[in-house]
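K.L.:
Input model-v7.cif, format and content: mmCIF, N, CA and C atoms.
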data_data
loop_
_atom_site.label_atom_id
_atom_site.label_comp_id
_atom_site.auth_asym_id
_atom_site.auth_seq_id
_atom_site.Cartn_x
_atom_site.Cartn_y
_atom_site.Cartn_z
N MET A 1 -21.71 -9.63 -18.15
CA MET A 1 -21.85 -9.49 -16.71
C MET A 1 -22.91 -8.45 -16.35
N GLU A 2 -22.87 -7.30 -17.01
CA GLU A 2 -23.83 -6.24 -16.71
C GLU A 2 -25.26 -6.70 -16.99
N THR A 3 -25.45 -7.47 -18.06
CA THR A 3 -26.77 -7.98 -18.41
C THR A 3 -27.33 -8.86 -17.30
N ASP A 4 -26.48 -9.72 -16.73
CA ASP A 4 -26.93 -10.59 -15.65
C ASP A 4 -27.47 -9.78 -14.47
N PHE A 5 -26.76 -8.71 -14.11
CA PHE A 5 -27.19 -7.86 -13.01
C PHE A 5 -28.53 -7.22 -13.31
N ILE A 6 -28.68 -6.70 -14.54
CA ILE A 6 -29.92 -6.04 -14.93
C ILE A 6 -31.08 -7.02 -14.89
N GLU A 7 -30.90 -8.22 -15.42
CA GLU A 7 -31.96 -9.22 -15.40
C GLU A 7 -32.36 -9.59 -13.98
N LYS A 8 -31.39 -9.73 -13.09
CA LYS A 8 -31.69 -10.06 -11.69
C LYS A 8 -32.46 -8.91 -11.04
N GLU A 9 -32.05 -7.69 -11.34
CA GLU A 9 -32.71 -6.51 -10.77
C GLU A 9 -34.16 -6.43 -11.25
N ILE A 10 -34.37 -6.64 -12.52
CA ILE A 10 -35.72 -6.58 -13.08
C ILE A 10 -36.59 -7.68 -12.48
N LYS A 11 -36.09 -8.89 -12.43
CA LYS A 11 -36.87 -10.00 -11.89
C LYS A 11 -37.25 -9.76 -10.44
N SER A 12 -36.39 -9.11 -9.69
CA SER A 12 -36.70 -8.89 -8.27
C SER A 12 -37.79 -7.84 -8.09
N ASN A 13 -38.08 -7.04 -9.13
CA ASN A 13 -39.11 -6.02 -9.02
C ASN A 13 -40.51 -6.53 -9.40
N PHE A 14 -40.62 -7.76 -9.86
CA PHE A 14 -41.91 -8.32 -10.23
C PHE A 14 -42.46 -9.16 -9.09
N LYS A 15 -43.73 -9.04 -8.88
CA LYS A 15 -44.37 -9.80 -7.82
C LYS A 15 -45.81 -10.07 -8.22
N THR A 16 -46.33 -11.21 -7.84
CA THR A 16 -47.70 -11.57 -8.15
C THR A 16 -48.58 -11.37 -6.92
N TYR A 17 -49.73 -10.74 -7.15
CA TYR A 17 -50.68 -10.49 -6.06
C TYR A 17 -52.01 -11.16 -6.40
N ARG A 18 -52.67 -11.66 -5.40
CA ARG A 18 -53.98 -12.27 -5.61
C ARG A 18 -55.12 -11.26 -5.46
N ILE A 19 -54.89 -10.23 -4.69
CA ILE A 19 -55.93 -9.21 -4.49
C ILE A 19 -55.31 -7.81 -4.60
N CYS A 20 -56.10 -6.86 -5.05
CA CYS A 20 -55.62 -5.48 -5.25
C CYS A 20 -55.17 -4.83 -3.95
N ASP A 21 -55.83 -5.14 -2.85
CA ASP A 21 -55.47 -4.50 -1.58
C ASP A 21 -54.03 -4.82 -1.18
N ALA A 22 -53.57 -6.04 -1.46
CA ALA A 22 -52.19 -6.41 -1.14
C ALA A 22 -51.22 -5.61 -2.00
N TRP A 23 -51.54 -5.44 -3.28
CA TRP A 23 -50.70 -4.64 -4.17
C TRP A 23 -50.67 -3.19 -3.69
N LEU A 24 -51.82 -2.68 -3.34
CA LEU A 24 -51.93 -1.30 -2.89
C LEU A 24 -51.09 -1.06 -1.64
N ALA A 25 -51.10 -2.00 -0.72
CA ALA A 25 -50.32 -1.87 0.51
C ALA A 25 -48.82 -1.76 0.20
N ASP A 26 -48.36 -2.45 -0.84
CA ASP A 26 -46.95 -2.42 -1.22
C ASP A 26 -46.57 -1.20 -2.06
N HIS A 27 -47.52 -0.60 -2.78
CA HIS A 27 -47.19 0.43 -3.76
C HIS A 27 -47.84 1.79 -3.56
N LYS A 28 -48.60 1.96 -2.55
CA LYS A 28 -49.39 3.18 -2.37
C LYS A 28 -48.54 4.45 -2.37
N TYR A 29 -47.34 4.40 -1.82
CA TYR A 29 -46.54 5.60 -1.67
C TYR A 29 -45.36 5.66 -2.64
N GLU A 30 -45.33 4.78 -3.62
CA GLU A 30 -44.24 4.77 -4.60
C GLU A 30 -44.61 5.63 -5.79
N SER A 31 -43.60 6.18 -6.42
CA SER A 31 -43.85 7.01 -7.60
C SER A 31 -43.36 6.33 -8.87
N GLU A 32 -43.08 5.04 -8.82
CA GLU A 32 -42.62 4.30 -9.98
C GLU A 32 -43.77 4.06 -10.95
N PHE A 33 -43.40 3.83 -12.20
CA PHE A 33 -44.38 3.48 -13.22
C PHE A 33 -44.98 2.13 -12.85
N SER A 34 -46.30 2.03 -12.80
CA SER A 34 -46.92 0.78 -12.37
C SER A 34 -47.84 0.21 -13.45
N ILE A 35 -47.66 -1.08 -13.70
CA ILE A 35 -48.49 -1.81 -14.66
C ILE A 35 -49.21 -2.91 -13.89
N PHE A 36 -50.49 -2.98 -14.09
CA PHE A 36 -51.31 -4.01 -13.44
C PHE A 36 -51.89 -4.89 -14.54
N HIS A 37 -51.66 -6.19 -14.47
CA HIS A 37 -52.18 -7.12 -15.48
C HIS A 37 -53.17 -8.07 -14.83
N ILE A 38 -54.25 -8.31 -15.53
CA ILE A 38 -55.23 -9.30 -15.06
C ILE A 38 -55.74 -10.11 -16.24
N ASN A 39 -55.82 -11.40 -16.06
CA ASN A 39 -56.37 -12.30 -17.06
C ASN A 39 -57.83 -12.52 -16.66
N ILE A 40 -58.74 -11.85 -17.35
CA ILE A 40 -60.11 -11.74 -16.85
C ILE A 40 -61.06 -12.82 -17.35
N ARG A 41 -60.77 -13.42 -18.49
CA ARG A 41 -61.58 -14.50 -19.07
C ARG A 41 -63.04 -14.11 -19.25
N SER A 42 -63.27 -12.96 -19.83
CA SER A 42 -64.58 -12.41 -20.21
C SER A 42 -64.79 -11.06 -19.54
N LEU A 43 -64.44 -10.03 -20.26
CA LEU A 43 -64.62 -8.68 -19.76
C LEU A 43 -66.10 -8.35 -19.59
N ARG A 44 -66.89 -8.81 -20.50
CA ARG A 44 -68.34 -8.59 -20.47
C ARG A 44 -68.93 -9.09 -19.14
N LYS A 45 -68.51 -10.24 -18.73
CA LYS A 45 -69.05 -10.88 -17.52
C LYS A 45 -68.50 -10.24 -16.23
N HIS A 46 -67.26 -9.76 -16.26
CA HIS A 46 -66.58 -9.33 -15.03
C HIS A 46 -66.27 -7.83 -14.96
N TRP A 47 -66.77 -7.02 -15.89
CA TRP A 47 -66.43 -5.59 -15.92
C TRP A 47 -66.81 -4.88 -14.62
N ASP A 48 -68.02 -5.06 -14.15
CA ASP A 48 -68.46 -4.39 -12.90
C ASP A 48 -67.63 -4.84 -11.71
N GLN A 49 -67.38 -6.13 -11.63
CA GLN A 49 -66.57 -6.69 -10.55
C GLN A 49 -65.15 -6.12 -10.59
N LEU A 50 -64.57 -5.98 -11.79
CA LEU A 50 -63.24 -5.41 -11.94
C LEU A 50 -63.22 -3.96 -11.47
N ASN A 51 -64.23 -3.19 -11.83
CA ASN A 51 -64.30 -1.78 -11.40
C ASN A 51 -64.35 -1.66 -9.88
N ILE A 52 -65.09 -2.51 -9.24
CA ILE A 52 -65.17 -2.51 -7.77
C ILE A 52 -63.81 -2.89 -7.18
N MET A 53 -63.19 -3.92 -7.75
CA MET A 53 -61.91 -4.40 -7.25
C MET A 53 -60.82 -3.32 -7.37
N LEU A 54 -60.87 -2.52 -8.44
CA LEU A 54 -59.83 -1.51 -8.69
C LEU A 54 -60.12 -0.16 -8.06
N GLN A 55 -61.26 -0.02 -7.43
CA GLN A 55 -61.72 1.28 -6.92
C GLN A 55 -60.65 2.02 -6.11
N LYS A 56 -60.01 1.36 -5.17
CA LYS A 56 -59.03 2.01 -4.30
C LYS A 56 -57.67 2.20 -4.99
N SER A 57 -57.29 1.27 -5.84
CA SER A 57 -55.94 1.28 -6.39
C SER A 57 -55.81 1.95 -7.75
N LEU A 58 -56.89 2.25 -8.40
CA LEU A 58 -56.84 2.80 -9.76
C LEU A 58 -56.04 4.10 -9.85
N LYS A 59 -56.13 4.94 -8.84
CA LYS A 59 -55.41 6.22 -8.90
C LYS A 59 -53.89 6.04 -8.81
N TYR A 60 -53.42 4.86 -8.43
CA TYR A 60 -51.99 4.59 -8.33
C TYR A 60 -51.45 3.85 -9.55
N LEU A 61 -52.32 3.50 -10.49
CA LEU A 61 -51.92 2.74 -11.67
C LEU A 61 -51.64 3.66 -12.85
N ASP A 62 -50.61 3.33 -13.59
CA ASP A 62 -50.31 4.05 -14.83
C ASP A 62 -50.84 3.28 -16.04
N CYS A 63 -50.80 1.98 -15.95
CA CYS A 63 -51.22 1.15 -17.07
C CYS A 63 -51.94 -0.09 -16.55
N LEU A 64 -53.06 -0.39 -17.14
CA LEU A 64 -53.83 -1.58 -16.79
C LEU A 64 -53.94 -2.43 -18.04
N VAL A 65 -53.49 -3.68 -17.96
CA VAL A 65 -53.53 -4.59 -19.10
C VAL A 65 -54.49 -5.72 -18.74
N ILE A 66 -55.46 -5.93 -19.61
CA ILE A 66 -56.48 -6.97 -19.37
C ILE A 66 -56.42 -7.94 -20.54
N SER A 67 -56.10 -9.19 -20.23
CA SER A 67 -56.04 -10.20 -21.29
C SER A 67 -57.23 -11.14 -21.22
N GLU A 68 -57.41 -11.87 -22.31
CA GLU A 68 -58.54 -12.79 -22.48
C GLU A 68 -59.88 -12.11 -22.21
N THR A 69 -60.06 -10.94 -22.81
CA THR A 69 -61.29 -10.18 -22.62
C THR A 69 -62.48 -10.80 -23.34
N ASN A 70 -62.21 -11.50 -24.42
CA ASN A 70 -63.25 -12.17 -25.22
C ASN A 70 -64.37 -11.22 -25.65
N ILE A 71 -63.99 -10.05 -26.09
CA ILE A 71 -64.99 -9.11 -26.61
C ILE A 71 -64.73 -8.86 -28.09
N ARG A 72 -65.77 -8.46 -28.77
CA ARG A 72 -65.68 -8.17 -30.20
C ARG A 72 -65.28 -6.71 -30.40
N LYS A 73 -64.77 -6.43 -31.60
CA LYS A 73 -64.35 -5.07 -31.93
C LYS A 73 -65.48 -4.06 -31.75
N SER A 74 -66.69 -4.48 -32.05
CA SER A 74 -67.86 -3.59 -31.92
C SER A 74 -68.18 -3.22 -30.47
N GLU A 75 -67.63 -3.96 -29.51
CA GLU A 75 -67.89 -3.71 -28.08
C GLU A 75 -66.83 -2.85 -27.41
N THR A 76 -65.74 -2.56 -28.08
CA THR A 76 -64.59 -1.91 -27.42
C THR A 76 -64.93 -0.56 -26.80
N SER A 77 -65.86 0.16 -27.38
CA SER A 77 -66.21 1.49 -26.83
C SER A 77 -67.00 1.41 -25.52
N LEU A 78 -67.45 0.24 -25.15
CA LEU A 78 -68.23 0.08 -23.92
C LEU A 78 -67.37 0.04 -22.66
N TYR A 79 -66.09 -0.21 -22.81
CA TYR A 79 -65.22 -0.43 -21.65
C TYR A 79 -64.22 0.71 -21.52
N LYS A 80 -64.55 1.68 -20.68
CA LYS A 80 -63.71 2.85 -20.48
C LYS A 80 -63.55 3.14 -19.00
N LEU A 81 -62.41 3.71 -18.67
CA LEU A 81 -62.16 4.17 -17.31
C LEU A 81 -61.77 5.64 -17.38
N GLU A 82 -62.25 6.42 -16.45
CA GLU A 82 -61.95 7.85 -16.41
C GLU A 82 -60.44 8.08 -16.29
N ASN A 83 -59.92 9.02 -17.06
CA ASN A 83 -58.51 9.38 -17.08
C ASN A 83 -57.60 8.34 -17.72
N PHE A 84 -58.17 7.38 -18.43
CA PHE A 84 -57.39 6.37 -19.13
C PHE A 84 -57.78 6.33 -20.59
N GLU A 85 -56.79 6.05 -21.44
CA GLU A 85 -57.04 5.86 -22.86
C GLU A 85 -57.01 4.37 -23.16
N ASN A 86 -57.91 3.92 -24.01
CA ASN A 86 -58.01 2.50 -24.34
C ASN A 86 -57.22 2.15 -25.59
N TYR A 87 -56.57 1.00 -25.56
CA TYR A 87 -55.89 0.43 -26.71
C TYR A 87 -56.30 -1.04 -26.78
N PHE A 88 -56.97 -1.42 -27.85
CA PHE A 88 -57.45 -2.78 -27.99
C PHE A 88 -56.72 -3.51 -29.10
N LEU A 89 -56.50 -4.77 -28.90
CA LEU A 89 -56.05 -5.68 -29.95
C LEU A 89 -57.10 -6.78 -29.98
N VAL A 90 -57.86 -6.84 -31.06
CA VAL A 90 -58.94 -7.83 -31.17
C VAL A 90 -58.71 -8.67 -32.41
N ARG A 91 -58.68 -9.98 -32.23
CA ARG A 91 -58.62 -10.91 -33.36
C ARG A 91 -59.86 -11.79 -33.29
N GLU A 92 -60.72 -11.64 -34.25
CA GLU A 92 -61.94 -12.44 -34.27
C GLU A 92 -61.74 -13.63 -35.20
N ARG A 93 -61.94 -14.79 -34.66
CA ARG A 93 -61.84 -16.03 -35.44
C ARG A 93 -63.21 -16.66 -35.51
N VAL A 94 -63.32 -17.76 -36.21
CA VAL A 94 -64.62 -18.40 -36.41
C VAL A 94 -65.32 -18.71 -35.09
N LYS A 95 -64.65 -19.37 -34.17
CA LYS A 95 -65.29 -19.77 -32.91
C LYS A 95 -64.65 -19.13 -31.68
N GLN A 96 -63.71 -18.22 -31.90
CA GLN A 96 -63.00 -17.68 -30.75
C GLN A 96 -62.65 -16.21 -30.99
N VAL A 97 -62.76 -15.43 -29.95
CA VAL A 97 -62.33 -14.03 -30.01
C VAL A 97 -61.16 -13.87 -29.05
N VAL A 98 -60.05 -13.40 -29.58
CA VAL A 98 -58.88 -13.15 -28.76
C VAL A 98 -58.74 -11.64 -28.67
N ALA A 99 -58.79 -11.10 -27.48
CA ALA A 99 -58.72 -9.64 -27.34
C ALA A 99 -57.88 -9.26 -26.13
N LEU A 100 -57.17 -8.17 -26.29
CA LEU A 100 -56.34 -7.63 -25.22
C LEU A 100 -56.68 -6.15 -25.10
N LEU A 101 -56.90 -5.70 -23.89
CA LEU A 101 -57.19 -4.29 -23.63
C LEU A 101 -56.08 -3.72 -22.77
N SER A 102 -55.51 -2.62 -23.23
CA SER A 102 -54.54 -1.89 -22.42
C SER A 102 -55.12 -0.51 -22.17
N LEU A 103 -55.11 -0.10 -20.94
CA LEU A 103 -55.57 1.24 -20.57
C LEU A 103 -54.37 2.00 -20.03
N LEU A 104 -54.08 3.13 -20.63
CA LEU A 104 -52.94 3.93 -20.23
C LEU A 104 -53.45 5.26 -19.69
N ARG A 105 -53.00 5.59 -18.48
CA ARG A 105 -53.41 6.85 -17.87
C ARG A 105 -53.05 8.00 -18.80
N THR A 106 -53.97 8.91 -19.00
CA THR A 106 -53.79 10.02 -19.93
C THR A 106 -52.55 10.84 -19.59
N SER A 107 -52.33 11.17 -18.32
CA SER A 107 -51.15 11.95 -17.92
C SER A 107 -49.86 11.16 -18.14
N THR A 108 -49.91 9.85 -17.98
CA THR A 108 -48.74 9.01 -18.19
C THR A 108 -48.36 8.99 -19.66
N LYS A 109 -49.36 8.99 -20.52
CA LYS A 109 -49.10 8.99 -21.96
C LYS A 109 -48.27 10.21 -22.34
N ALA A 110 -48.60 11.37 -21.80
CA ALA A 110 -47.87 12.59 -22.10
C ALA A 110 -46.42 12.48 -21.62
N VAL A 111 -46.20 11.94 -20.44
CA VAL A 111 -44.85 11.77 -19.89
C VAL A 111 -44.05 10.79 -20.75
N LEU A 112 -44.68 9.67 -21.13
CA LEU A 112 -43.99 8.69 -21.95
C LEU A 112 -43.65 9.27 -23.33
N LYS A 113 -44.58 10.02 -23.90
CA LYS A 113 -44.35 10.63 -25.20
C LYS A 113 -43.17 11.60 -25.12
N LYS A 114 -43.11 12.41 -24.08
CA LYS A 114 -42.00 13.37 -23.89
C LYS A 114 -40.69 12.61 -23.72
N SER A 115 -40.69 11.53 -22.95
CA SER A 115 -39.48 10.74 -22.74
C SER A 115 -38.99 10.14 -24.05
N LEU A 116 -39.92 9.63 -24.86
CA LEU A 116 -39.55 9.06 -26.15
C LEU A 116 -38.98 10.13 -27.08
N GLN A 117 -39.53 11.33 -27.04
CA GLN A 117 -39.01 12.42 -27.86
C GLN A 117 -37.58 12.77 -27.46
N ILE A 118 -37.31 12.78 -26.17
CA ILE A 118 -35.96 13.07 -25.67
C ILE A 118 -34.99 11.99 -26.12
N ILE A 119 -35.39 10.72 -26.01
CA ILE A 119 -34.55 9.60 -26.42
C ILE A 119 -34.26 9.68 -27.92
N GLU A 120 -35.31 9.97 -28.71
CA GLU A 120 -35.13 10.09 -30.16
C GLU A 120 -34.20 11.25 -30.50
N ALA A 121 -34.33 12.37 -29.80
CA ALA A 121 -33.46 13.53 -30.05
C ALA A 121 -32.01 13.19 -29.72
N LYS A 122 -31.77 12.50 -28.62
CA LYS A 122 -30.42 12.10 -28.24
C LYS A 122 -29.83 11.14 -29.27
N ALA A 123 -30.66 10.22 -29.75
CA ALA A 123 -30.20 9.26 -30.76
C ALA A 123 -29.85 9.97 -32.05
N ALA A 124 -30.63 10.96 -32.42
CA ALA A 124 -30.37 11.74 -33.64
C ALA A 124 -29.07 12.52 -33.53
N LEU A 125 -28.79 13.06 -32.34
CA LEU A 125 -27.54 13.80 -32.12
C LEU A 125 -26.31 12.91 -32.24
N LYS A 126 -26.44 11.67 -31.85
CA LYS A 126 -25.31 10.73 -31.90
C LYS A 126 -24.98 10.32 -33.33
N GLN A 127 -25.93 10.46 -34.24
CA GLN A 127 -25.69 10.03 -35.64
C GLN A 127 -24.92 11.01 -36.41
#
Now, as a test, write the supplied structure out as structure tokens.
P.N.:
Amino acid sequence: METDFIEKEIKSNFKTYRICDAWLADHKYESEFSIFHINIRSLRKHWDQLNIMLQKSLKYLDCLVISETNIRKSETSLYKLENFENYFLVRERVKQVVALLSLLRTSTKAVLKKSLQIIEAKAALKQ
């Protein structure tokens, strides 16, 4: 029973937006952890456009996940955002490059790391 409630609660917190301004209007004053995902279908081609699109909302994001980036491992250092750390998963195949870029706000990383340390310490005490 409890699981059903949790699943319903989680599902109700997800919403799809077509433009960043609509997301920003809904989340500008919230302090919740925020993840923004975009399926970009070529980071190389759309990087500048993405930066312009995120200009207003970037300061409210904790994590930005970009899928279908189609970039090679040698290109990963070209795509950076101020105050964010990059995490890439790149699989290069013969005719296809599958890549995922996650950008995590530097300050958020410290908070998450501290939270994980607390959880691990509590788990160790229970053993």
K.L.:
For Lys73 (chain A), work out the shell of residues within 12 Å, counting only C-alpha atoms and skipping chain neighbours fewer than 2 positions away, then give it as a ChimeraX atom specification.
P.N.:
/A:69-71,75-79,87-93,97-101
K.L.:
Take the residues from that selection and put them in a file with N, CA and C atoms, as a JSON list (two decimals), keeping the file's coordinate frame.
P.N.:
[["chain", "number", "residue", "atom", "x", "y", "z"],
["A", 69, "THR", "N", -60.06, -10.94, -22.81],
["A", 69, "THR", "CA", -61.29, -10.18, -22.62],
["A", 69, "THR", "C", -62.48, -10.80, -23.34],
["A", 70, "ASN", "N", -62.21, -11.50, -24.42],
["A", 70, "ASN", "CA", -63.25, -12.17, -25.22],
["A", 70, "ASN", "C", -64.37, -11.22, -25.65],
["A", 71, "ILE", "N", -63.99, -10.05, -26.09],
["A", 71, "ILE", "CA", -64.99, -9.11, -26.61],
["A", 71, "ILE", "C", -64.73, -8.86, -28.09],
["A", 75, "GLU", "N", -67.63, -3.96, -29.51],
["A", 75, "GLU", "CA", -67.89, -3.71, -28.08],
["A", 75, "GLU", "C", -66.83, -2.85, -27.41],
["A", 76, "THR", "N", -65.74, -2.56, -28.08],
["A", 76, "THR", "CA", -64.59, -1.91, -27.42],
["A", 76, "THR", "C", -64.93, -0.56, -26.80],
["A", 77, "SER", "N", -65.86, 0.16, -27.38],
["A", 77, "SER", "CA", -66.21, 1.49, -26.83],
["A", 77, "SER", "C", -67.00, 1.41, -25.52],
["A", 78, "LEU", "N", -67.45, 0.24, -25.15],
["A", 78, "LEU", "CA", -68.23, 0.08, -23.92],
["A", 78, "LEU", "C", -67.37, 0.04, -22.66],
["A", 79, "TYR", "N", -66.09, -0.21, -22.81],
["A", 79, "TYR", "CA", -65.22, -0.43, -21.65],
["A", 79, "TYR", "C", -64.22, 0.71, -21.52],
["A", 87, "TYR", "N", -56.57, 1.00, -25.56],
["A", 87, "TYR", "CA", -55.89, 0.43, -26.71],
["A", 87, "TYR", "C", -56.30, -1.04, -26.78],
["A", 88, "PHE", "N", -56.97, -1.42, -27.85],
["A", 88, "PHE", "CA", -57.45, -2.78, -27.99],
["A", 88, "PHE", "C", -56.72, -3.51, -29.10],
["A", 89, "LEU", "N", -56.50, -4.77, -28.90],
["A", 89, "LEU", "CA", -56.05, -5.68, -29.95],
["A", 89, "LEU", "C", -57.10, -6.78, -29.98],
["A", 90, "VAL", "N", -57.86, -6.84, -31.06],
["A", 90, "VAL", "CA", -58.94, -7.83, -31.17],
["A", 90, "VAL", "C", -58.71, -8.67, -32.41],
["A", 91, "ARG", "N", -58.68, -9.98, -32.23],
["A", 91, "ARG", "CA", -58.62, -10.91, -33.36],
["A", 91, "ARG", "C", -59.86, -11.79, -33.29],
["A", 92, "GLU", "N", -60.72, -11.64, -34.25],
["A", 92, "GLU", "CA", -61.94, -12.44, -34.27],
["A", 92, "GLU", "C", -61.74, -13.63, -35.20],
["A", 93, "ARG", "N", -61.94, -14.79, -34.66],
["A", 93, "ARG", "CA", -61.84, -16.03, -35.44],
["A", 93, "ARG", "C", -63.21, -16.66, -35.51],
["A", 97, "VAL", "N", -62.76, -15.43, -29.95],
["A", 97, "VAL", "CA", -62.33, -14.03, -30.01],
["A", 97, "VAL", "C", -61.16, -13.87, -29.05],
["A", 98, "VAL", "N", -60.05, -13.40, -29.58],
["A", 98, "VAL", "CA", -58.88, -13.15, -28.76],
["A", 98, "VAL", "C", -58.74, -11.64, -28.67],
["A", 99, "ALA", "N", -58.79, -11.10, -27.48],
["A", 99, "ALA", "CA", -58.72, -9.64, -27.34],
["A", 99, "ALA", "C", -57.88, -9.26, -26.13],
["A", 100, "LEU", "N", -57.17, -8.17, -26.29],
["A", 100, "LEU", "CA", -56.34, -7.63, -25.22],
["A", 100, "LEU", "C", -56.68, -6.15, -25.10],
["A", 101, "LEU", "N", -56.90, -5.70, -23.89],
["A", 101, "LEU", "CA", -57.19, -4.29, -23.63],
["A", 101, "LEU", "C", -56.08, -3.72, -22.77]]
K.L.:
As an exercise, work out the distance from atom C of Ser102 (chain A) to atom C of Lys45 (chain A) in Å and give it to one decimal place.
P.N.:
17.6 Å
K.L.:
Looking at A:Ala25, A:Leu81, A:Ile40, A:Cys20, which one is nearest to Leu54 (chain A), with distances taken over only N, CA and C atoms?
P.N.:
A:Cys20
K.L.:
Take atom N of Glu85 (chain A) and atom N of Ala121 (chain A) and report the distance between them in Å, one decimal.
P.N.:
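Computed distance, atom N of Glu85 (chain A) to atom N of Ala121 (chain A), equals 24.8 Å.
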K.L.:
Find the distance between atom C of Phe33 (chain A) and CA of Asp48 (chain A) and write it in Å to one decimal.
P.N.:
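Atom-to-atom, atom C of Phe33 (chain A) and CA of Asp48 (chain A) are spaced 24.4 Å apart.
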K.L.:
Pick out the residues sitting within 7 Å of Asn39 (chain A), and hand them over as a PyMOL selection string; count all atoms listed in the file, and ignore anything fewer than 6 positions along from it in its own chain.
P.N.:
chain A and resi 65-69
K.L.:
Running the PyMOL selection byres ((chain A and resi 55-59) around 8) on this model by hand, what would come out? Give it as a list in words.
P.N.:
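This file, filtered by the PyMOL selection byres ((chain A and resi 55-59) around 8), leaves Cys20, Asp21, Trp23, Leu24, Lys28, Gln49, Leu50, Asn51, Ile52, Met53, Leu54, Tyr60, Leu61 and Asp62 of chain A.
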K.L.:
Just list the residues in region 13-112 of chain A DSSP gives helix (DSSP H, G or I) on the backbone, as a compact mmCIF listing (two decimals) with N, CA and C atoms, in the coordinates of the input.
P.N.:
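out_37.txt, written as the output of this step:
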# COMPACT_ATOMS: atom_id res chain seq x y z
N CYS A 20 -56.10 -6.86 -5.05
CA CYS A 20 -55.62 -5.48 -5.25
C CYS A 20 -55.17 -4.83 -3.95
N ASP A 21 -55.83 -5.14 -2.85
CA ASP A 21 -55.47 -4.50 -1.58
C ASP A 21 -54.03 -4.82 -1.18
N ALA A 22 -53.57 -6.04 -1.46
CA ALA A 22 -52.19 -6.41 -1.14
C ALA A 22 -51.22 -5.61 -2.00
N TRP A 23 -51.54 -5.44 -3.28
CA TRP A 23 -50.70 -4.64 -4.17
C TRP A 23 -50.67 -3.19 -3.69
N LEU A 24 -51.82 -2.68 -3.34
CA LEU A 24 -51.93 -1.30 -2.89
C LEU A 24 -51.09 -1.06 -1.64
N ALA A 25 -51.10 -2.00 -0.72
CA ALA A 25 -50.32 -1.87 0.51
C ALA A 25 -48.82 -1.76 0.20
N ASP A 26 -48.36 -2.45 -0.84
CA ASP A 26 -46.95 -2.42 -1.22
C ASP A 26 -46.57 -1.20 -2.06
N HIS A 27 -47.52 -0.60 -2.78
CA HIS A 27 -47.19 0.43 -3.76
C HIS A 27 -47.84 1.79 -3.56
N LEU A 43 -64.44 -10.03 -20.26
CA LEU A 43 -64.62 -8.68 -19.76
C LEU A 43 -66.10 -8.35 -19.59
N ARG A 44 -66.89 -8.81 -20.50
CA ARG A 44 -68.34 -8.59 -20.47
C ARG A 44 -68.93 -9.09 -19.14
N LYS A 45 -68.51 -10.24 -18.73
CA LYS A 45 -69.05 -10.88 -17.52
C LYS A 45 -68.50 -10.24 -16.23
N HIS A 46 -67.26 -9.76 -16.26
CA HIS A 46 -66.58 -9.33 -15.03
C HIS A 46 -66.27 -7.83 -14.96
N TRP A 47 -66.77 -7.02 -15.89
CA TRP A 47 -66.43 -5.59 -15.92
C TRP A 47 -66.81 -4.88 -14.62
N ASP A 48 -68.02 -5.06 -14.15
CA ASP A 48 -68.46 -4.39 -12.90
C ASP A 48 -67.63 -4.84 -11.71
N GLN A 49 -67.38 -6.13 -11.63
CA GLN A 49 -66.57 -6.69 -10.55
C GLN A 49 -65.15 -6.12 -10.59
N LEU A 50 -64.57 -5.98 -11.79
CA LEU A 50 -63.24 -5.41 -11.94
C LEU A 50 -63.22 -3.96 -11.47
N ASN A 51 -64.23 -3.19 -11.83
CA ASN A 51 -64.30 -1.78 -11.40
C ASN A 51 -64.35 -1.66 -9.88
N ILE A 52 -65.09 -2.51 -9.24
CA ILE A 52 -65.17 -2.51 -7.77
C ILE A 52 -63.81 -2.89 -7.18
N MET A 53 -63.19 -3.92 -7.75
CA MET A 53 -61.91 -4.40 -7.25
C MET A 53 -60.82 -3.32 -7.37
N LEU A 54 -60.87 -2.52 -8.44
CA LEU A 54 -59.83 -1.51 -8.69
C LEU A 54 -60.12 -0.16 -8.06
N LEU A 58 -56.89 2.25 -8.40
CA LEU A 58 -56.84 2.80 -9.76
C LEU A 58 -56.04 4.10 -9.85
N LYS A 59 -56.13 4.94 -8.84
CA LYS A 59 -55.41 6.22 -8.90
C LYS A 59 -53.89 6.04 -8.81
N TYR A 60 -53.42 4.86 -8.43
CA TYR A 60 -51.99 4.59 -8.33
C TYR A 60 -51.45 3.85 -9.55
N LYS A 73 -64.77 -6.43 -31.60
CA LYS A 73 -64.35 -5.07 -31.93
C LYS A 73 -65.48 -4.06 -31.75
N SER A 74 -66.69 -4.48 -32.05
CA SER A 74 -67.86 -3.59 -31.92
C SER A 74 -68.18 -3.22 -30.47
N GLU A 75 -67.63 -3.96 -29.51
CA GLU A 75 -67.89 -3.71 -28.08
C GLU A 75 -66.83 -2.85 -27.41
N THR A 76 -65.74 -2.56 -28.08
CA THR A 76 -64.59 -1.91 -27.42
C THR A 76 -64.93 -0.56 -26.80
N SER A 77 -65.86 0.16 -27.38
CA SER A 77 -66.21 1.49 -26.83
C SER A 77 -67.00 1.41 -25.52
N LEU A 78 -67.45 0.24 -25.15
CA LEU A 78 -68.23 0.08 -23.92
C LEU A 78 -67.37 0.04 -22.66
N THR A 106 -53.97 8.91 -19.00
CA THR A 106 -53.79 10.02 -19.93
C THR A 106 -52.55 10.84 -19.59
N SER A 107 -52.33 11.17 -18.32
CA SER A 107 -51.15 11.95 -17.92
C SER A 107 -49.86 11.16 -18.14
N THR A 108 -49.91 9.85 -17.98
CA THR A 108 -48.74 9.01 -18.19
C THR A 108 -48.36 8.99 -19.66
N LYS A 109 -49.36 8.99 -20.52
CA LYS A 109 -49.10 8.99 -21.96
C LYS A 109 -48.27 10.21 -22.34
N ALA A 110 -48.60 11.37 -21.80
CA ALA A 110 -47.87 12.59 -22.10
C ALA A 110 -46.42 12.48 -21.62
N VAL A 111 -46.20 11.94 -20.44
CA VAL A 111 -44.85 11.77 -19.89
C VAL A 111 -44.05 10.79 -20.75
N LEU A 112 -44.68 9.67 -21.13
CA LEU A 112 -43.99 8.69 -21.95
C LEU A 112 -43.65 9.27 -23.33
K.L.:
Which is closest to Leu104 (chain A) among A:Asn86, A:Leu43, A:His37, A:Asp26, if we use all atoms listed in the file?
P.N.:
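Comparing A:Asn86, A:Leu43, A:His37, A:Asp26 against Leu104 (chain A), the winner is A:Asn86.
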